[in-house]
Structure formats: C-alpha cells, structure tokens
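Let me begin by presenting the structure, written as structure tokens, before commenting on it.
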Amino acid sequence: MRSVLLAAVAATLALSLPAKAEDVTVAVTAIVEHPALDAARKGVLDMLTAAGYKEGENLKFVFQSAQGNPATAAQIARQFAGDGPNVIVPISTPSAQAVVSSTRDIPVVFTAVSDPLGAQLVKNMDKPGGNVTGLSDMSPVAEHVALIKEILPNAKTIGYLYNSGEANSVSLLAVLKVEAEKAGLKVVESAATKSAEVQGAARALVGRADAIYVPTDNTIISALEGAVAVAEEAKLPLFTADTDSVSRGSVAALGFNYYDVGKQTGEIVVRILKGENPGDIPVKVAAGSDLVINKGAAAKMGVTLPESVLKRATKTID
C-alpha cells in the first residue's frame, strides 16, 4: 500500500514539475563541404549547445553532404523527410530547394541562400507561411564592385566565374550586371557546372577580363584552388564574395563571417524547437560584414593594395 501511494505521489509531482528540454533531432545537409558552409554548420550546432541542446544528451545532430551532386541532395532530402526530425537545416540553395520540395510538414530553416524568393523557397520574406523560414546571405554586390574598382581603378571588365545551374549565382549575376554598369564596368561570364570544370572556366577568362569575381557559388568555391592557380599564372586578380576563401588565395573579400551566419540560423532553429511556427518567423538577411585581404595573393597576382583598403581591413593575411 505504501509503495502504491509513493508511486502515485511521484507521478503527481512529475506532472506538476516544469519539463526539461525534450530530446530533439536536428538534421543538417549541405550541397558540398567547404570552409564557409562548414563554418555555418558549426555555428548552428554551437547556438543549439548554448541554448541547452547538447549533442549526445538531449540533441541528435545529423549531417549529410551531397558532395556537389543535386541528385544526391534530393535523395538526402527525401531520407530526412522520411526520418521525421524536429527541424531540417539545409545549407546552400540547391540543398534548400531539395528539402523544401520534399516536405510540407517538418520545419525547415534554410541558410546560406542568396535569393530565397528567386529560388522559390518562400513567397514572402516577412510572412513566409507554411513550414519554411531561414536566413539569406545576399551579398553586398555594389560594395564588391566598389572594392574591385578601388583596388583596380583601371579595370574595365569583370570576369564572373559561376555555376549557371545554381539559382543563387544566376540571381547574383543579374545584380552584378546592374552594379557593374553603374561603375562603368562590363561583365564577362564563364560557367562551370561541376568542380572539375572550374579551372578551365577560369582559364577562359584570361585575356577577356581585368579581374575575376567569384560569388558565393558552392561549385566554384569547392574547387577554388584551380581558379587561383590560373589567376596567379596569368596575373589576373581574383576576388571572392566569401571571406573564408581569402586564405585559400583570393586577393580580397567583403562579406559575412559564416560561423556568425550559422549562429544566427541556430537562433531561429531554437525558436522553433521552443514552439514557434516557422511560417510566422520572417526570413532574415544575415548581419555583419568583414573585409579580409591577402597580401601574399595580391603580390602573386600583380596587385598593389591601396593604403585605404589596408586600413579598413578587419583581417589581413600575409
């Protein structure tokens, strides 16, 4: 009788006590692994940890890379949809498109997507509706053009190195053409649809452009070393939108710290885990902008960095 009474009391107390954070599963996928996307993933995990969701305790954090293959991205998306995690976090536009096409029920928080409207992930940035929200990393293209002109005042032509099959890169090309025209620059395109084509696409810009500009394009960035080798050999300055790529050989980049982008994404994931509806959370544009320069790369590509740029740099690589 005593044991029955104790059990009843324990059950009553359990119901009245505030519940601890439930065990949750967050499934993350990226179109490819490279430093920027990897940093974003780490930022998401660190923000979850800071909010009390600890891997191995009350958090299962699953990650799969599509290794640059859209068909694999679609397969991963279908698998995650079948597994039913609490939240899916696709990193990059191709992965986000695959995931959003695969589920209408599981909350989706995309990140590192330049143009969520153009990629048809949401219909409204302020009121996305449905099960999808996220974070845009739309590049400050006008500032990129201004930086290139500041470093190369005599430049007339920018070579745009991109994957024509990646929606965000196509959107950024349209923006670049507008901003380049304002600055009196012409844009020359060269496309690579897979990483093995990047070096050849870069070589096609030699003699046709005064600088190479690489957007936040996952195909190009995953094989950036091939483009850098061409740029060094041809003394053709190469600039990137992705600051994590500067240490890999670009002259300079003005953009986001992708670890911070991941943390901002993680904040949204935490809000959903705590009960908010993703469709009620506005799509945010990532905050923060760093100027990173690489003196060694500049020298190899025949560039003299102006003192004005050196003074503004938030990080300098020798």
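Ordered as shown in the structure tokens, chains take letters A, B, and onward, while each chain numbers its residues from 1 and ligands are numbered from 1 in the order shown.
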So which residues of stretch 167-264 of chain A fall under strand (DSSP E or B) by DSSP, listed as a compact mmCIF listing (two decimals) with all heavy atoms, in the first residue's frame?
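Output file part-v4.txt is given in full below:
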# COMPACT_ATOMS: atom_id res chain seq x y z
N LYS A 186 32.17 46.27 -67.56
CA LYS A 186 31.48 45.25 -68.34
C LYS A 186 31.67 43.90 -67.65
O LYS A 186 32.72 43.65 -67.05
CB LYS A 186 32.07 45.20 -69.76
CG LYS A 186 31.42 44.17 -70.68
CD LYS A 186 32.11 44.15 -72.04
CE LYS A 186 31.54 43.05 -72.92
NZ LYS A 186 32.27 42.98 -74.22
N VAL A 187 30.67 43.04 -67.73
CA VAL A 187 30.74 41.70 -67.11
C VAL A 187 30.89 40.65 -68.20
O VAL A 187 30.12 40.63 -69.17
CB VAL A 187 29.49 41.41 -66.27
CG1 VAL A 187 29.54 39.98 -65.70
CG2 VAL A 187 29.35 42.42 -65.14
N VAL A 188 31.88 39.78 -68.04
CA VAL A 188 32.09 38.65 -68.94
C VAL A 188 31.86 37.37 -68.13
O VAL A 188 32.44 37.19 -67.07
CB VAL A 188 33.51 38.64 -69.53
CG1 VAL A 188 33.72 37.42 -70.42
CG2 VAL A 188 33.76 39.91 -70.32
N GLU A 189 31.01 36.49 -68.63
CA GLU A 189 30.66 35.27 -67.88
C GLU A 189 31.50 34.07 -68.31
O GLU A 189 31.86 33.95 -69.48
CB GLU A 189 29.18 34.93 -68.11
CG GLU A 189 28.21 36.02 -67.78
CD GLU A 189 26.82 35.71 -68.32
OE1 GLU A 189 26.43 34.52 -68.32
OE2 GLU A 189 26.12 36.64 -68.75
N SER A 190 31.76 33.20 -67.35
CA SER A 190 32.37 31.91 -67.65
C SER A 190 31.81 30.89 -66.67
O SER A 190 31.95 31.06 -65.45
CB SER A 190 33.90 31.98 -67.55
OG SER A 190 34.47 30.77 -68.01
N ALA A 191 31.16 29.85 -67.19
CA ALA A 191 30.43 28.92 -66.33
C ALA A 191 31.13 27.58 -66.19
O ALA A 191 31.77 27.08 -67.12
CB ALA A 191 29.02 28.71 -66.87
N ALA A 211 39.74 41.31 -64.06
CA ALA A 211 39.65 40.70 -62.73
C ALA A 211 38.64 39.57 -62.79
O ALA A 211 37.75 39.56 -63.65
CB ALA A 211 39.21 41.73 -61.69
N ILE A 212 38.79 38.61 -61.89
CA ILE A 212 37.81 37.53 -61.75
C ILE A 212 37.04 37.75 -60.45
O ILE A 212 37.64 38.04 -59.41
CB ILE A 212 38.49 36.15 -61.71
CG1 ILE A 212 39.20 35.84 -63.04
CG2 ILE A 212 37.46 35.05 -61.41
CD1 ILE A 212 39.97 34.53 -63.03
N TYR A 213 35.73 37.61 -60.54
CA TYR A 213 34.87 37.74 -59.35
C TYR A 213 34.14 36.42 -59.15
O TYR A 213 33.42 35.95 -60.04
CB TYR A 213 33.89 38.89 -59.55
CG TYR A 213 32.83 39.01 -58.47
CD1 TYR A 213 33.19 39.35 -57.17
CD2 TYR A 213 31.48 38.82 -58.76
CE1 TYR A 213 32.22 39.50 -56.18
CE2 TYR A 213 30.50 38.97 -57.79
CZ TYR A 213 30.88 39.30 -56.50
OH TYR A 213 29.92 39.44 -55.53
N VAL A 214 34.32 35.83 -57.98
CA VAL A 214 33.66 34.56 -57.64
C VAL A 214 32.58 34.85 -56.60
O VAL A 214 32.88 35.30 -55.50
CB VAL A 214 34.67 33.54 -57.07
CG1 VAL A 214 33.95 32.27 -56.62
CG2 VAL A 214 35.73 33.21 -58.11
N LEU A 238 41.98 37.84 -58.57
CA LEU A 238 40.76 37.09 -58.28
C LEU A 238 40.18 37.55 -56.95
O LEU A 238 40.88 37.58 -55.93
CB LEU A 238 41.05 35.59 -58.26
CG LEU A 238 39.87 34.64 -58.04
CD1 LEU A 238 40.09 33.34 -58.80
CD2 LEU A 238 39.62 34.34 -56.56
N PHE A 239 38.91 37.91 -56.96
CA PHE A 239 38.19 38.37 -55.77
C PHE A 239 37.04 37.41 -55.48
O PHE A 239 36.46 36.84 -56.40
CB PHE A 239 37.63 39.78 -55.99
CG PHE A 239 38.68 40.82 -56.24
CD1 PHE A 239 39.19 41.03 -57.52
CD2 PHE A 239 39.18 41.60 -55.20
CE1 PHE A 239 40.15 41.98 -57.77
CE2 PHE A 239 40.16 42.56 -55.44
CZ PHE A 239 40.65 42.75 -56.72
N THR A 240 36.72 37.27 -54.21
CA THR A 240 35.62 36.40 -53.83
C THR A 240 34.61 37.15 -52.96
O THR A 240 34.95 38.14 -52.30
CB THR A 240 36.11 35.18 -53.03
OG1 THR A 240 36.96 35.62 -51.95
CG2 THR A 240 36.89 34.22 -53.92
N ALA A 252 40.97 39.53 -52.07
CA ALA A 252 40.17 40.16 -51.02
C ALA A 252 38.73 39.70 -51.11
O ALA A 252 38.27 39.22 -52.16
CB ALA A 252 40.24 41.69 -51.14
N ALA A 253 38.01 39.88 -50.02
CA ALA A 253 36.58 39.60 -50.00
C ALA A 253 35.92 40.49 -48.96
O ALA A 253 36.47 40.75 -47.89
CB ALA A 253 36.30 38.14 -49.68
N LEU A 254 34.74 40.93 -49.31
CA LEU A 254 33.91 41.70 -48.39
C LEU A 254 32.64 40.90 -48.20
O LEU A 254 31.86 40.74 -49.15
CB LEU A 254 33.60 43.08 -48.97
CG LEU A 254 32.76 44.03 -48.12
CD1 LEU A 254 33.52 44.44 -46.86
CD2 LEU A 254 32.38 45.26 -48.93
N GLY A 255 32.43 40.37 -47.03
CA GLY A 255 31.27 39.51 -46.86
C GLY A 255 31.04 39.10 -45.44
O GLY A 255 31.51 39.74 -44.49
Using only C-alpha atoms, I'd like a table of the residues in stretch 154-247 of chain A that come within 8 Å of stretch 32-46 of chain A; for each, show the closest atom pair and its distance in Å rounded to one decimal, ordered by chain and ascending number, as CSV.
residue,atom,partner,partner_atom,distance
A:Asn218,CA,A:Val32,CA,6.9
A:Thr219,CA,A:Val32,CA,7.9
A:Ile221,CA,A:His34,CA,7.3
A:Ser222,CA,A:His34,CA,5.7
A:Asp242,CA,A:Ala36,CA,7.2
A:Asp244,CA,A:Ala36,CA,5.8
A:Ser245,CA,A:Pro35,CA,7.7
- Task: Enter the distance from atom CA of A:Val206 to atom CA of A:Leu310, in Å, rounded to one decimal.
- Result: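 Between atom CA of A:Val206 and atom CA of A:Leu310 the gap works out to 26.9 Å.
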- Within 12 Å of A:Ile272, counting only C-alpha atoms, which residues show up once you throw out same-chain ones fewer than 4 positions away? Write them as an MDAnalysis selection string, please. chainID A and resid 24 26 48 86:89 106:109 131:134 265:268 276:281
- Query: Expressed in Å to a single decimal, how great is the separation between atom CA of A:Phe110 and atom CA of A:Thr216?
  - Reply: 15.3 Å
- Message: Going by DSSP on the backbone, which residues of stretch 63-234 of chain A come out as helix (DSSP H, G or I)? List them as a VMD selection string.
- Response: chain A and resid 70 to 83 93 to 102 141 to 151 167 to 182 195 to 203 218 to 222 224 to 234
